[in-house]
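J.: What follows is the file start-v8.cif, containing mmCIF, C-alpha atoms:
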data_entry
loop_
_atom_site.group_PDB
_atom_site.id
_atom_site.type_symbol
_atom_site.label_atom_id
_atom_site.label_comp_id
_atom_site.auth_asym_id
_atom_site.auth_seq_id
_atom_site.Cartn_x
_atom_site.Cartn_y
_atom_site.Cartn_z
ATOM 1 C CA MET A 1 92.530 29.074 -113.823
ATOM 2 C CA ALA A 2 94.903 29.680 -116.722
ATOM 3 C CA SER A 3 93.873 33.246 -117.513
ATOM 4 C CA VAL A 4 94.264 34.284 -113.868
ATOM 5 C CA GLU A 5 97.709 32.698 -113.593
ATOM 6 C CA ALA A 6 98.768 34.335 -116.870
ATOM 7 C CA TYR A 7 97.604 37.692 -115.507
ATOM 8 C CA LEU A 8 99.508 37.147 -112.263
ATOM 9 C CA ASP A 9 102.605 36.201 -114.272
ATOM 10 C CA ARG A 10 102.383 39.505 -116.101
ATOM 11 C CA VAL A 11 102.054 41.476 -112.871
ATOM 12 C CA CYS A 12 104.467 39.609 -110.616
ATOM 13 C CA GLY A 13 106.840 37.861 -113.018
ATOM 14 C CA LYS A 14 108.986 40.923 -113.588
ATOM 15 C CA LEU A 15 108.507 42.721 -110.299
ATOM 16 C CA ARG A 16 111.850 44.023 -109.080
ATOM 17 C CA VAL A 17 111.448 42.723 -105.546
ATOM 18 C CA ASP A 18 112.814 39.667 -103.799
ATOM 19 C CA PRO A 19 111.062 36.387 -104.724
ATOM 20 C CA ALA A 20 109.368 35.944 -101.341
ATOM 21 C CA GLU A 21 107.828 39.398 -101.570
ATOM 22 C CA ALA A 22 106.738 38.786 -105.169
ATOM 23 C CA GLU A 23 105.059 35.555 -104.071
ATOM 24 C CA ASP A 24 103.275 37.368 -101.246
ATOM 25 C CA ILE A 25 101.956 39.996 -103.670
ATOM 26 C CA ARG A 26 100.939 37.283 -106.109
ATOM 27 C CA GLU A 27 98.986 35.426 -103.448
ATOM 28 C CA GLU A 28 97.233 38.580 -102.323
ATOM 29 C CA LEU A 29 96.173 39.443 -105.870
ATOM 30 C CA ARG A 30 95.116 35.858 -106.528
ATOM 31 C CA SER A 31 93.001 35.972 -103.374
ATOM 32 C CA HIS A 32 91.344 39.187 -104.598
ATOM 33 C CA LEU A 33 90.672 37.717 -108.050
ATOM 34 C CA ASP A 34 89.229 34.557 -106.470
ATOM 35 C CA GLU A 35 86.869 36.667 -104.356
ATOM 36 C CA ILE A 36 85.590 38.514 -107.427
ATOM 37 C CA ILE A 37 85.178 35.282 -109.367
ATOM 38 C CA ARG A 38 83.215 33.674 -106.518
ATOM 39 C CA GLU A 39 81.057 36.780 -106.274
ATOM 40 C CA ARG A 40 80.285 36.648 -110.011
ATOM 41 C CA LEU A 41 79.685 32.900 -110.036
ATOM 42 C CA ASP A 42 77.129 33.442 -107.265
ATOM 43 C CA ARG A 43 75.416 35.947 -109.556
ATOM 44 C CA GLY A 44 75.116 33.355 -112.305
ATOM 45 C CA LEU A 45 78.069 34.115 -114.569
ATOM 46 C CA SER A 46 79.956 31.262 -116.197
ATOM 47 C CA GLU A 47 83.447 30.512 -114.956
ATOM 48 C CA GLY A 48 85.060 32.079 -118.027
ATOM 49 C CA ALA A 49 82.915 35.203 -117.869
ATOM 50 C CA ALA A 50 83.544 35.553 -114.149
ATOM 51 C CA ALA A 51 87.309 35.339 -114.714
ATOM 52 C CA ARG A 52 87.160 37.921 -117.507
ATOM 53 C CA PHE A 53 85.138 40.221 -115.270
ATOM 54 C CA ALA A 54 87.631 39.810 -112.436
ATOM 55 C CA LEU A 55 90.642 40.584 -114.621
ATOM 56 C CA ALA A 56 88.944 43.662 -116.037
ATOM 57 C CA ALA A 57 88.046 44.855 -112.528
ATOM 58 C CA VAL A 58 91.590 44.497 -111.246
ATOM 59 C CA GLY A 59 92.948 46.375 -114.258
ATOM 60 C CA ASP A 60 95.837 46.628 -116.664
ATOM 61 C CA PRO A 61 98.628 44.303 -115.436
ATOM 62 C CA VAL A 62 101.434 46.454 -116.820
ATOM 63 C CA LYS A 63 100.137 49.533 -115.070
ATOM 64 C CA LEU A 64 99.649 47.600 -111.841
ATOM 65 C CA ARG A 65 103.167 46.176 -112.044
ATOM 66 C CA GLY A 66 104.540 49.695 -112.538
ATOM 67 C CA CYS A 67 102.707 50.949 -109.447
ATOM 68 C CA LEU A 68 103.854 48.019 -107.334
ATOM 69 C CA ASP A 69 107.423 48.454 -108.559
ATOM 70 C CA ARG A 70 107.434 52.098 -107.571
ATOM 71 C CA VAL A 71 106.206 51.292 -104.072
ATOM 72 C CA HIS A 72 108.370 48.260 -103.390
ATOM 73 C CA ARG A 73 111.588 49.038 -105.152
ATOM 74 C CA GLY A 74 112.769 51.855 -102.912
ATOM 75 C CA ASP A 75 116.450 51.906 -102.030
ATOM 76 C CA ALA A 76 118.521 49.001 -100.844
ATOM 77 C CA TRP A 77 119.620 49.436 -97.204
ATOM 78 C CA TRP A 78 123.185 50.256 -98.219
ATOM 79 C CA MET A 79 122.029 52.882 -100.711
ATOM 80 C CA ARG A 80 119.863 54.477 -98.039
ATOM 81 C CA ARG A 81 122.820 54.590 -95.653
ATOM 82 C CA LEU A 82 125.056 55.968 -98.398
ATOM 83 C CA LYS A 83 122.574 58.722 -99.128
ATOM 84 C CA GLY A 84 122.300 59.417 -95.397
ATOM 85 C CA PHE A 85 126.069 59.712 -95.227
ATOM 86 C CA ALA A 86 126.126 62.132 -98.172
ATOM 87 C CA PHE A 87 123.283 64.310 -96.827
ATOM 88 C CA GLY A 88 124.857 64.263 -93.367
ATOM 89 C CA MET A 89 128.222 65.341 -94.782
ATOM 90 C CA ALA A 90 126.620 68.186 -96.684
ATOM 91 C CA MET A 91 124.692 69.368 -93.647
ATOM 92 C CA GLY A 92 127.638 68.881 -91.275
ATOM 93 C CA GLY A 93 129.987 70.733 -93.604
ATOM 94 C CA LEU A 94 127.560 73.607 -93.948
ATOM 95 C CA LEU A 95 127.072 73.887 -90.199
ATOM 96 C CA ALA A 96 130.810 73.709 -89.594
ATOM 97 C CA LEU A 97 131.313 76.617 -91.945
ATOM 98 C CA LEU A 98 128.561 78.691 -90.390
ATOM 99 C CA LEU A 99 129.127 77.808 -86.737
ATOM 100 C CA PRO A 100 132.405 77.112 -84.985
ATOM 101 C CA LEU A 101 131.281 73.739 -83.689
ATOM 102 C CA GLY A 102 133.455 71.577 -85.868
ATOM 103 C CA GLY A 103 136.766 72.336 -84.224
ATOM 104 C CA HIS A 104 137.422 72.570 -80.546
ATOM 105 C CA LEU A 105 134.238 74.254 -79.407
ATOM 106 C CA GLU A 106 134.870 77.932 -79.665
ATOM 107 C CA PHE A 107 132.176 79.873 -77.985
ATOM 108 C CA ALA A 108 129.269 82.195 -78.279
ATOM 109 C CA ALA A 109 131.119 85.264 -79.501
ATOM 110 C CA ARG A 110 131.941 83.442 -82.679
ATOM 111 C CA PHE A 111 128.628 81.767 -83.199
ATOM 112 C CA ILE A 112 127.363 84.451 -85.505
ATOM 113 C CA SER A 113 130.580 84.874 -87.452
ATOM 114 C CA LEU A 114 130.500 83.929 -91.100
ATOM 115 C CA PRO A 115 134.128 83.275 -91.999
ATOM 116 C CA PRO A 116 135.333 83.209 -95.578
ATOM 117 C CA LEU A 117 134.916 79.728 -96.978
ATOM 118 C CA VAL A 118 138.523 79.636 -98.137
ATOM 119 C CA ASP A 119 140.108 80.577 -94.806
ATOM 120 C CA PRO A 120 142.711 77.812 -94.266
ATOM 121 C CA ALA A 121 142.235 78.065 -90.511
ATOM 122 C CA ARG A 122 138.688 76.776 -90.957
ATOM 123 C CA LEU A 123 139.696 73.664 -92.865
ATOM 124 C CA PRO A 124 140.122 71.348 -89.835
ATOM 125 C CA MET A 125 136.740 72.539 -88.615
ATOM 126 C CA LEU A 126 135.208 71.857 -92.006
ATOM 127 C CA LEU A 127 136.802 68.420 -92.095
ATOM 128 C CA ASN A 128 135.426 67.665 -88.629
ATOM 129 C CA GLY A 129 131.986 68.831 -89.670
ATOM 130 C CA LEU A 130 132.041 66.727 -92.830
ATOM 131 C CA LEU A 131 133.165 63.571 -91.062
ATOM 132 C CA ALA A 132 130.935 63.963 -88.016
ATOM 133 C CA GLY A 133 127.989 64.984 -90.205
ATOM 134 C CA GLY A 134 128.548 61.998 -92.486
ATOM 135 C CA ALA A 135 128.670 59.602 -89.545
ATOM 136 C CA ILE A 136 125.543 61.116 -88.000
ATOM 137 C CA GLY A 137 123.719 61.030 -91.357
ATOM 138 C CA LEU A 138 124.706 57.383 -91.764
ATOM 139 C CA LEU A 139 123.306 56.502 -88.330
ATOM 140 C CA ALA A 140 120.209 58.677 -88.694
ATOM 141 C CA ALA A 141 119.283 57.001 -91.998
ATOM 142 C CA GLY A 142 117.842 54.151 -89.909
ATOM 143 C CA GLY A 143 115.141 56.461 -88.517
ATOM 144 C CA ARG A 144 114.544 58.835 -85.569
ATOM 145 C CA GLY A 145 116.955 61.292 -87.139
ATOM 146 C CA ALA A 146 116.901 64.031 -84.502
ATOM 147 C CA LEU A 147 117.198 61.670 -81.529
ATOM 148 C CA VAL A 148 119.924 59.536 -83.095
ATOM 149 C CA GLY A 149 121.737 62.676 -84.257
ATOM 150 C CA TRP A 150 121.508 64.231 -80.800
ATOM 151 C CA SER A 151 122.904 61.121 -79.141
ATOM 152 C CA ALA A 152 125.667 60.574 -81.686
ATOM 153 C CA GLY A 153 126.687 64.245 -81.745
ATOM 154 C CA ALA A 154 126.762 64.476 -77.962
ATOM 155 C CA LEU A 155 128.879 61.334 -77.654
ATOM 156 C CA MET A 156 131.293 62.377 -80.403
ATOM 157 C CA TRP A 157 131.909 65.805 -78.945
ATOM 158 C CA LEU A 158 132.154 64.444 -75.429
ATOM 159 C CA ALA A 159 134.711 61.852 -76.502
ATOM 160 C CA GLU A 160 136.737 64.347 -78.488
ATOM 161 C CA SER A 161 136.820 66.915 -75.690
ATOM 162 C CA THR A 162 137.564 64.309 -73.047
ATOM 163 C CA VAL A 163 140.538 62.992 -74.966
ATOM 164 C CA TYR A 164 141.780 66.541 -75.527
ATOM 165 C CA TRP A 165 141.336 67.417 -71.838
ATOM 166 C CA MET A 166 143.143 64.263 -70.715
ATOM 167 C CA ALA A 167 146.024 65.076 -73.054
ATOM 168 C CA GLN A 168 146.263 68.573 -71.557
ATOM 169 C CA ALA A 169 146.127 67.232 -68.013
ATOM 170 C CA ALA A 170 148.707 64.552 -68.748
ATOM 171 C CA GLY A 171 150.988 67.244 -70.161
ATOM 172 C CA GLY A 172 150.842 69.101 -66.847
ATOM 173 C CA ASP A 173 149.105 72.176 -68.256
ATOM 174 C CA ALA A 174 146.763 72.701 -65.278
ATOM 175 C CA SER A 175 145.180 75.995 -66.319
ATOM 176 C CA SER A 176 144.491 74.824 -69.818
ATOM 177 C CA ALA A 177 143.157 71.561 -68.436
ATOM 178 C CA GLY A 178 140.822 73.557 -66.150
ATOM 179 C CA ASN A 179 139.405 75.456 -69.110
ATOM 180 C CA MET A 180 139.030 72.251 -71.006
ATOM 181 C CA LEU A 181 137.000 70.728 -68.196
ATOM 182 C CA GLU A 182 134.366 73.404 -68.747
ATOM 183 C CA ARG A 183 134.378 72.553 -72.390
ATOM 184 C CA VAL A 184 134.010 68.855 -71.677
ATOM 185 C CA LEU A 185 130.892 69.641 -69.675
ATOM 186 C CA LEU A 186 129.471 71.801 -72.443
ATOM 187 C CA ALA A 187 130.512 69.540 -75.293
ATOM 188 C CA PRO A 188 127.600 67.081 -75.137
ATOM 189 C CA LEU A 189 125.128 69.954 -75.309
ATOM 190 C CA LEU A 190 126.743 71.613 -78.320
ATOM 191 C CA GLY A 191 127.477 68.313 -80.011
ATOM 192 C CA GLY A 192 123.892 67.261 -79.377
ATOM 193 C CA VAL A 193 122.543 70.401 -81.034
ATOM 194 C CA PHE A 194 124.843 69.874 -83.989
ATOM 195 C CA GLY A 195 123.920 66.185 -84.212
ATOM 196 C CA ALA A 196 120.181 66.783 -83.861
ATOM 197 C CA ALA A 197 120.264 69.405 -86.612
ATOM 198 C CA VAL A 198 122.281 67.194 -88.948
ATOM 199 C CA GLY A 199 120.271 64.060 -88.130
ATOM 200 C CA ALA A 200 116.875 65.723 -88.486
ATOM 201 C CA VAL A 201 117.654 67.516 -91.736
ATOM 202 C CA SER A 202 119.484 64.645 -93.401
ATOM 203 C CA SER A 203 116.796 62.101 -92.514
ATOM 204 C CA ALA A 204 114.053 64.509 -93.649
ATOM 205 C CA VAL A 205 115.821 65.009 -96.997
ATOM 206 C CA LEU A 206 116.328 61.268 -97.294
ATOM 207 C CA ALA A 207 112.644 60.618 -96.590
ATOM 208 C CA ALA A 208 111.577 63.280 -99.091
ATOM 209 C CA VAL A 209 113.700 61.903 -101.932
ATOM 210 C CA SER A 210 112.714 58.310 -101.134
ATOM 211 C CA ARG A 211 108.970 58.860 -100.875
ATOM 212 C CA VAL A 212 106.994 57.473 -103.776
ATOM 213 C CA ARG A 213 103.255 57.797 -103.710
ATOM 214 C CA PRO A 214 101.280 55.184 -105.589
ATOM 215 C CA ARG A 215 98.978 56.550 -108.253
ATOM 216 C CA VAL A 216 95.693 54.980 -107.348
ATOM 217 C CA GLN A 217 92.610 55.552 -109.432
ATOM 218 C CA MET B 1 74.928 59.482 -110.164
ATOM 219 C CA ALA B 2 77.763 58.439 -112.516
ATOM 220 C CA ALA B 3 80.653 56.543 -110.917
ATOM 221 C CA ILE B 4 83.614 58.649 -109.790
ATOM 222 C CA THR B 5 86.858 56.931 -110.744
ATOM 223 C CA GLY B 6 89.359 59.651 -111.637
ATOM 224 C CA ASP B 7 91.457 62.304 -109.946
ATOM 225 C CA ILE B 8 88.937 63.196 -107.248
ATOM 226 C CA LEU B 9 88.972 59.620 -105.988
ATOM 227 C CA LYS B 10 92.721 59.263 -106.504
ATOM 228 C CA GLY B 11 93.452 62.267 -104.304
ATOM 229 C CA ASN B 12 91.386 60.894 -101.447
ATOM 230 C CA THR B 13 92.097 57.197 -101.629
ATOM 231 C CA LEU B 14 94.289 57.144 -98.545
ATOM 232 C CA THR B 15 91.668 59.035 -96.534
ATOM 233 C CA LEU B 16 89.041 56.473 -97.514
ATOM 234 C CA ILE B 17 91.249 53.481 -96.744
ATOM 235 C CA LEU B 18 92.458 54.772 -93.396
ATOM 236 C CA SER B 19 88.948 55.779 -92.337
ATOM 237 C CA LEU B 20 87.569 52.323 -93.098
ATOM 238 C CA LEU B 21 90.423 50.626 -91.283
ATOM 239 C CA GLU B 22 89.732 52.790 -88.243
ATOM 240 C CA GLU B 23 86.572 50.778 -87.718
ATOM 241 C CA GLN B 24 88.047 47.292 -88.093
ATOM 242 C CA PRO B 25 90.814 45.360 -89.867
ATOM 243 C CA MET B 26 89.887 44.630 -93.487
ATOM 244 C CA TYR B 27 91.315 42.859 -96.525
ATOM 245 C CA GLY B 28 91.640 44.455 -99.954
ATOM 246 C CA PHE B 29 88.528 43.012 -101.588
ATOM 247 C CA GLN B 30 86.482 43.956 -98.535
ATOM 248 C CA ILE B 31 87.774 47.531 -98.696
ATOM 249 C CA THR B 32 86.764 47.965 -102.342
ATOM 250 C CA ARG B 33 83.299 46.518 -101.719
ATOM 251 C CA GLU B 34 82.789 48.579 -98.587
ATOM 252 C CA ILE B 35 83.670 51.804 -100.404
ATOM 253 C CA GLU B 36 81.309 50.920 -103.246
ATOM 254 C CA ARG B 37 78.538 49.951 -100.863
ATOM 255 C CA ARG B 38 78.743 53.038 -98.681
ATOM 256 C CA SER B 39 78.996 55.360 -101.672
ATOM 257 C CA GLU B 40 76.115 53.474 -103.340
ATOM 258 C CA GLY B 41 78.360 52.676 -106.293
ATOM 259 C CA THR B 42 79.525 56.252 -106.857
ATOM 260 C CA LEU B 43 83.142 55.623 -105.847
ATOM 261 C CA ARG B 44 84.803 52.846 -107.837
ATOM 262 C CA PHE B 45 88.419 51.753 -107.678
ATOM 263 C CA ARG B 46 90.442 50.108 -110.367
ATOM 264 C CA GLU B 47 90.711 47.338 -107.831
ATOM 265 C CA GLY B 48 94.282 46.187 -108.433
ATOM 266 C CA LEU B 49 95.578 49.681 -107.791
ATOM 267 C CA LEU B 50 94.310 49.516 -104.239
ATOM 268 C CA TYR B 51 97.263 47.280 -103.393
ATOM 269 C CA PRO B 52 100.081 49.708 -104.162
ATOM 270 C CA ALA B 53 98.264 52.131 -101.854
ATOM 271 C CA LEU B 54 97.940 49.554 -99.078
ATOM 272 C CA HIS B 55 101.568 48.488 -99.462
ATOM 273 C CA GLN B 56 102.689 52.103 -99.347
ATOM 274 C CA LEU B 57 100.724 52.625 -96.138
ATOM 275 C CA GLU B 58 102.385 49.525 -94.731
ATOM 276 C CA LYS B 59 105.840 50.789 -95.678
ATOM 277 C CA GLU B 60 105.080 54.091 -93.982
ATOM 278 C CA GLY B 61 104.093 52.257 -90.812
ATOM 279 C CA LEU B 62 100.472 53.430 -90.935
ATOM 280 C CA VAL B 63 99.036 49.930 -91.280
ATOM 281 C CA GLU B 64 100.124 46.393 -90.409
ATOM 282 C CA ALA B 65 99.207 43.352 -92.475
ATOM 283 C CA GLU B 66 98.537 39.783 -91.415
ATOM 284 C CA TRP B 67 97.444 36.741 -93.388
ATOM 285 C CA GLN B 68 94.426 34.933 -91.982
ATOM 286 C CA VAL B 69 92.823 31.688 -93.039
ATOM 287 C CA SER B 70 89.266 32.066 -94.243
ATOM 288 C CA SER B 71 86.682 29.355 -93.737
ATOM 289 C CA GLN B 72 84.843 30.474 -96.878
ATOM 290 C CA GLY B 73 87.574 30.696 -99.477
ATOM 291 C CA PRO B 74 91.143 31.856 -100.070
ATOM 292 C CA ARG B 75 93.497 33.141 -97.380
ATOM 293 C CA ARG B 76 93.038 36.836 -96.803
ATOM 294 C CA LYS B 77 95.567 39.485 -95.934
ATOM 295 C CA TYR B 78 94.029 41.771 -93.324
ATOM 296 C CA TYR B 79 95.247 45.317 -92.782
ATOM 297 C CA ARG B 80 94.910 47.064 -89.436
ATOM 298 C CA LEU B 81 95.808 50.611 -88.414
ATOM 299 C CA THR B 82 98.839 51.295 -86.275
ATOM 300 C CA SER B 83 98.663 54.064 -83.685
ATOM 301 C CA GLU B 84 100.405 56.381 -86.146
ATOM 302 C CA GLY B 85 97.851 55.303 -88.764
ATOM 303 C CA ARG B 86 95.039 56.381 -86.431
ATOM 304 C CA ARG B 87 96.608 59.785 -85.971
ATOM 305 C CA GLN B 88 97.060 60.114 -89.725
ATOM 306 C CA ALA B 89 93.433 59.071 -90.337
ATOM 307 C CA GLU B 90 92.294 61.800 -87.979
ATOM 308 C CA ARG B 91 94.519 64.382 -89.674
ATOM 309 C CA LEU B 92 93.250 63.407 -93.132
ATOM 310 C CA ARG B 93 89.641 63.498 -91.986
ATOM 311 C CA ARG B 94 90.068 66.999 -90.574
ATOM 312 C CA ARG B 95 91.748 68.089 -93.802
ATOM 313 C CA TRP B 96 88.916 66.618 -95.862
ATOM 314 C CA ALA B 97 86.291 68.333 -93.680
ATOM 315 C CA ALA B 98 88.031 71.679 -94.138
ATOM 316 C CA PHE B 99 88.312 71.132 -97.891
ATOM 317 C CA ALA B 100 84.704 69.985 -98.314
ATOM 318 C CA GLY B 101 83.467 72.870 -96.185
ATOM 319 C CA ALA B 102 85.419 75.376 -98.250
ATOM 320 C CA VAL B 103 84.166 73.928 -101.538
ATOM 321 C CA ASN B 104 80.583 73.995 -100.294
ATOM 322 C CA GLN B 105 80.991 77.600 -99.276
ATOM 323 C CA VAL B 106 82.251 78.491 -102.744
ATOM 324 C CA LEU B 107 79.471 76.542 -104.450
ATOM 325 C CA GLY B 108 76.835 77.995 -102.121
ATOM 326 C CA GLY B 109 73.440 76.442 -102.694
ATOM 327 C CA LYS B 110 74.339 75.054 -106.109
ATOM 328 C CA ALA B 111 76.064 71.889 -104.889
ATOM 329 C CA GLY B 112 72.869 69.858 -104.967
ATOM 330 C CA GLY B 113 72.393 70.885 -108.618
#
Can you turn what I pasted into structure tokens?
T.:
Amino acid sequence: MASVEAYLDRVCGKLRVDPAEAEDIREELRSHLDEIIRERLDRGLSEGAAARFALAAVGDPVKLRGCLDRVHRGDAWWMRRLKGFAFGMAMGGLLALLLPLGGHLEFAARFISLPPLVDPARLPMLLNGLLAGGAIGLLAAGGRGALVGWSAGALMWLAESTVYWMAQAAGGDASSAGNMLERVLLAPLLGGVFGAAVGAVSSAVLAAVSRVRPRVQ
Amino acid sequence: MAAITGDILKGNTLTLILSLLEEQPMYGFQITREIERRSEGTLRFREGLLYPALHQLEKEGLVEAEWQVSSQGPRRKYYRLTSEGRRQAERLRRRWAAFAGAVNQVLGGKAGG
């Protein structure tokens, strides 16, 4: 029916989604319109009147297209990952400034210290926090932020501490290597906490800024 | 009673959809007719705008969709609740019950008008 196809063209023709998805939406709307038309034909309306009734019931095509666009457009996968990286960096950097987790795992006595942001000694820690946070945010953008963050953080810190410990041991510094072994054991726990915090917050922020509710009336 | 089509319906659309889908999988046209039938015509959707809501629910993982061939007409896209959708339906129903109860308390005996 020409009027139905023209209506569907107006709704789906300019939808900013991939063609297969646009065709799926078109078929679903066509199916709905067909159901209304059949219902009205059964009640004695002419074909033209039934089609007009159906189009009026489904509503303004421009408004419908706008609603569908808002729901389907979303972010491309790479944009979502990019945002995750940015949120993760921000969160990781902030945590690294507030907690001494970004460097080589200094311990509880310093956990509550709030060092000056410009202290040059903190810069490596900040850099670590930014990079690790960015990587965790990137991974967590795929979902399950806290779990992915925990796993990634624990692995990163474990790897870093293990390499550091092996370097100490290879250099023959036995006492330092002994201390480092303790740190290697603790690293996954601390890294996991860091990662879970970064992953959970960055994915929550990402979800909040990406969420678009359709306006249904 | 005059049909309700505005903000009151808009704010509770997802509750209505999820509650209906709790009973059985349904397609869009069926959902609109079922809401009209159960509300005796009081709740009326602008029918096309049901689909952005359904697609949003699908994107959020609360429903799953599947095309099925119909013996009586066009193919139909059925929506069914996921387990997360069931939990969300329950949450929304509890929230609605609390809201409706509070409004009734404020209105006292005047709600029946």
J.: For chain B against chain A, which residues fall within 6 Å using all atoms listed in the file, given as a PDB file with C-alpha atoms, in the coordinates of the input?
T.:
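The result, stored in out26.pdb:
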ATOM      1  CA  GLY B   6      89.359  59.651-111.637  1.00  0.00           C
ATOM      2  CA  LYS B  10      92.721  59.263-106.504  1.00  0.00           C
ATOM      3  CA  PHE B  29      88.528  43.012-101.588  1.00  0.00           C
ATOM      4  CA  PHE B  45      88.419  51.753-107.678  1.00  0.00           C
ATOM      5  CA  ARG B  46      90.442  50.108-110.367  1.00  0.00           C
ATOM      6  CA  GLU B  47      90.711  47.338-107.831  1.00  0.00           C
ATOM      7  CA  GLY B  48      94.282  46.187-108.433  1.00  0.00           C
ATOM      8  CA  LEU B  49      95.578  49.681-107.791  1.00  0.00           C
ATOM      9  CA  PRO B  52     100.081  49.708-104.162  1.00  0.00           C
ATOM     10  CA  ALA B  53      98.264  52.131-101.854  1.00  0.00           C
ATOM     11  CA  GLN B  56     102.689  52.103 -99.347  1.00  0.00           C
ATOM     12  CA  PRO B  74      91.143  31.856-100.070  1.00  0.00           C
TER      13      PRO B  74
END
J.: Which residue out of A:Arg43, A:Ile37, A:Trp150, A:Cys12 has the minimum interatomic distance to Gly73 in chain B when only C-alpha atoms are used?
T.: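 The shortest atom-to-atom distance to Gly73 in chain B comes from A:Ile37.
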J.: Would you mind reading off the distance between CA of Gly133 in chain A and CA of Ala197 in chain A, one decimal, in Å?
T.: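 Distance reported for this atom pair: 9.6 Å.
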J.: Specify as a PyMOL selection string each residue included when the PyMOL selection byres ((chain B and resi 89) around 10) is applied to this file.
T.: chain B and resi 14-22+62+81+83-88+90-95
J.: What's around Gly28 in chain B at 8 Å? Count all atoms listed in the file, leave out sequence neighbours fewer than 2 positions away in its own chain, and write the answer as a PyMOL selection string.
T.: (chain A and resi 32) or (chain B and resi 26+30-32+50-51+77-78)
J.: One decimal, Å: what's the distance from CA of Ala146 in chain A over to CA of Ala159 in chain A, could you say?
T.: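 About the pair CA of Ala146 in chain A and CA of Ala159 in chain A: they are 19.6 Å apart.
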J.: With distances taken over all atoms listed in the file, which of A:Ala50, A:Met1, A:Leu190, A:Leu8 is nearest to Gly149 in chain A?
T.: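 Using all atoms listed in the file, Gly149 in chain A sits closest to A:Leu190.
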J.: Take CA of Ser46 in chain A and CA of Ser3 in chain A and report the distance between them in Å, one decimal.
T.: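 CA of Ser3 in chain A lies 14.1 Å from CA of Ser46 in chain A.
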J.: Please provide as a PyMOL selection string all residues within 10 Å of Leu147 in chain A, with the sequence filter that same-chain residues fewer than 6 positions apart are discarded (counting only C-alpha atoms).
T.: chain A and resi 140+153+192+195-197+199-200
J.: I'd like the neighbourhood of Met89 in chain A as an MDAnalysis selection string, where a residue qualifies if any of its atoms comes within 9 Å (using all atoms listed in the file), though same-chain residues fewer than 6 positions away should be ignored.
T.: chainID A and resid 129:137 198 202
J.: Restore N, CA and C atoms in range 33-44 of chain B and list the result as a PDB file, in the frame of the given file.
T.:
ATOM      1  N   ARG B  33      84.752  46.709-101.766  1.00  0.00           N
ATOM      2  CA  ARG B  33      83.299  46.518-101.719  1.00  0.00           C
ATOM      3  C   ARG B  33      82.648  47.453-100.703  1.00  0.00           C
ATOM      4  N   GLU B  34      83.354  47.707 -99.619  1.00  0.00           N
ATOM      5  CA  GLU B  34      82.789  48.579 -98.587  1.00  0.00           C
ATOM      6  C   GLU B  34      82.703  50.015 -99.097  1.00  0.00           C
ATOM      7  N   ILE B  35      83.709  50.451 -99.845  1.00  0.00           N
ATOM      8  CA  ILE B  35      83.670  51.804-100.404  1.00  0.00           C
ATOM      9  C   ILE B  35      82.532  51.914-101.415  1.00  0.00           C
ATOM     10  N   GLU B  36      82.404  50.907-102.260  1.00  0.00           N
ATOM     11  CA  GLU B  36      81.309  50.920-103.246  1.00  0.00           C
ATOM     12  C   GLU B  36      79.951  50.916-102.561  1.00  0.00           C
ATOM     13  N   ARG B  37      79.841  50.083-101.538  1.00  0.00           N
ATOM     14  CA  ARG B  37      78.538  49.951-100.863  1.00  0.00           C
ATOM     15  C   ARG B  37      78.150  51.256-100.171  1.00  0.00           C
ATOM     16  N   ARG B  38      79.088  51.828 -99.437  1.00  0.00           N
ATOM     17  CA  ARG B  38      78.743  53.038 -98.681  1.00  0.00           C
ATOM     18  C   ARG B  38      78.497  54.240 -99.590  1.00  0.00           C
ATOM     19  N   SER B  39      79.196  54.233-100.749  1.00  0.00           N
ATOM     20  CA  SER B  39      78.996  55.360-101.672  1.00  0.00           C
ATOM     21  C   SER B  39      77.877  55.046-102.664  1.00  0.00           C
ATOM     22  N   GLU B  40      77.194  53.927-102.458  1.00  0.00           N
ATOM     23  CA  GLU B  40      76.115  53.474-103.340  1.00  0.00           C
ATOM     24  C   GLU B  40      76.588  53.407-104.790  1.00  0.00           C
ATOM     25  N   GLY B  41      77.822  52.912-104.952  1.00  0.00           N
ATOM     26  CA  GLY B  41      78.360  52.676-106.293  1.00  0.00           C
ATOM     27  C   GLY B  41      78.984  53.897-106.944  1.00  0.00           C
ATOM     28  N   THR B  42      78.983  55.027-106.250  1.00  0.00           N
ATOM     29  CA  THR B  42      79.525  56.252-106.857  1.00  0.00           C
ATOM     30  C   THR B  42      81.054  56.221-106.906  1.00  0.00           C
ATOM     31  N   LEU B  43      81.674  55.680-105.877  1.00  0.00           N
ATOM     32  CA  LEU B  43      83.142  55.623-105.847  1.00  0.00           C
ATOM     33  C   LEU B  43      83.602  54.225-106.258  1.00  0.00           C
ATOM     34  N   ARG B  44      84.334  54.157-107.361  1.00  0.00           N
ATOM     35  CA  ARG B  44      84.803  52.846-107.837  1.00  0.00           C
ATOM     36  C   ARG B  44      86.300  52.877-108.080  1.00  0.00           C
TER      37      ARG B  44
END
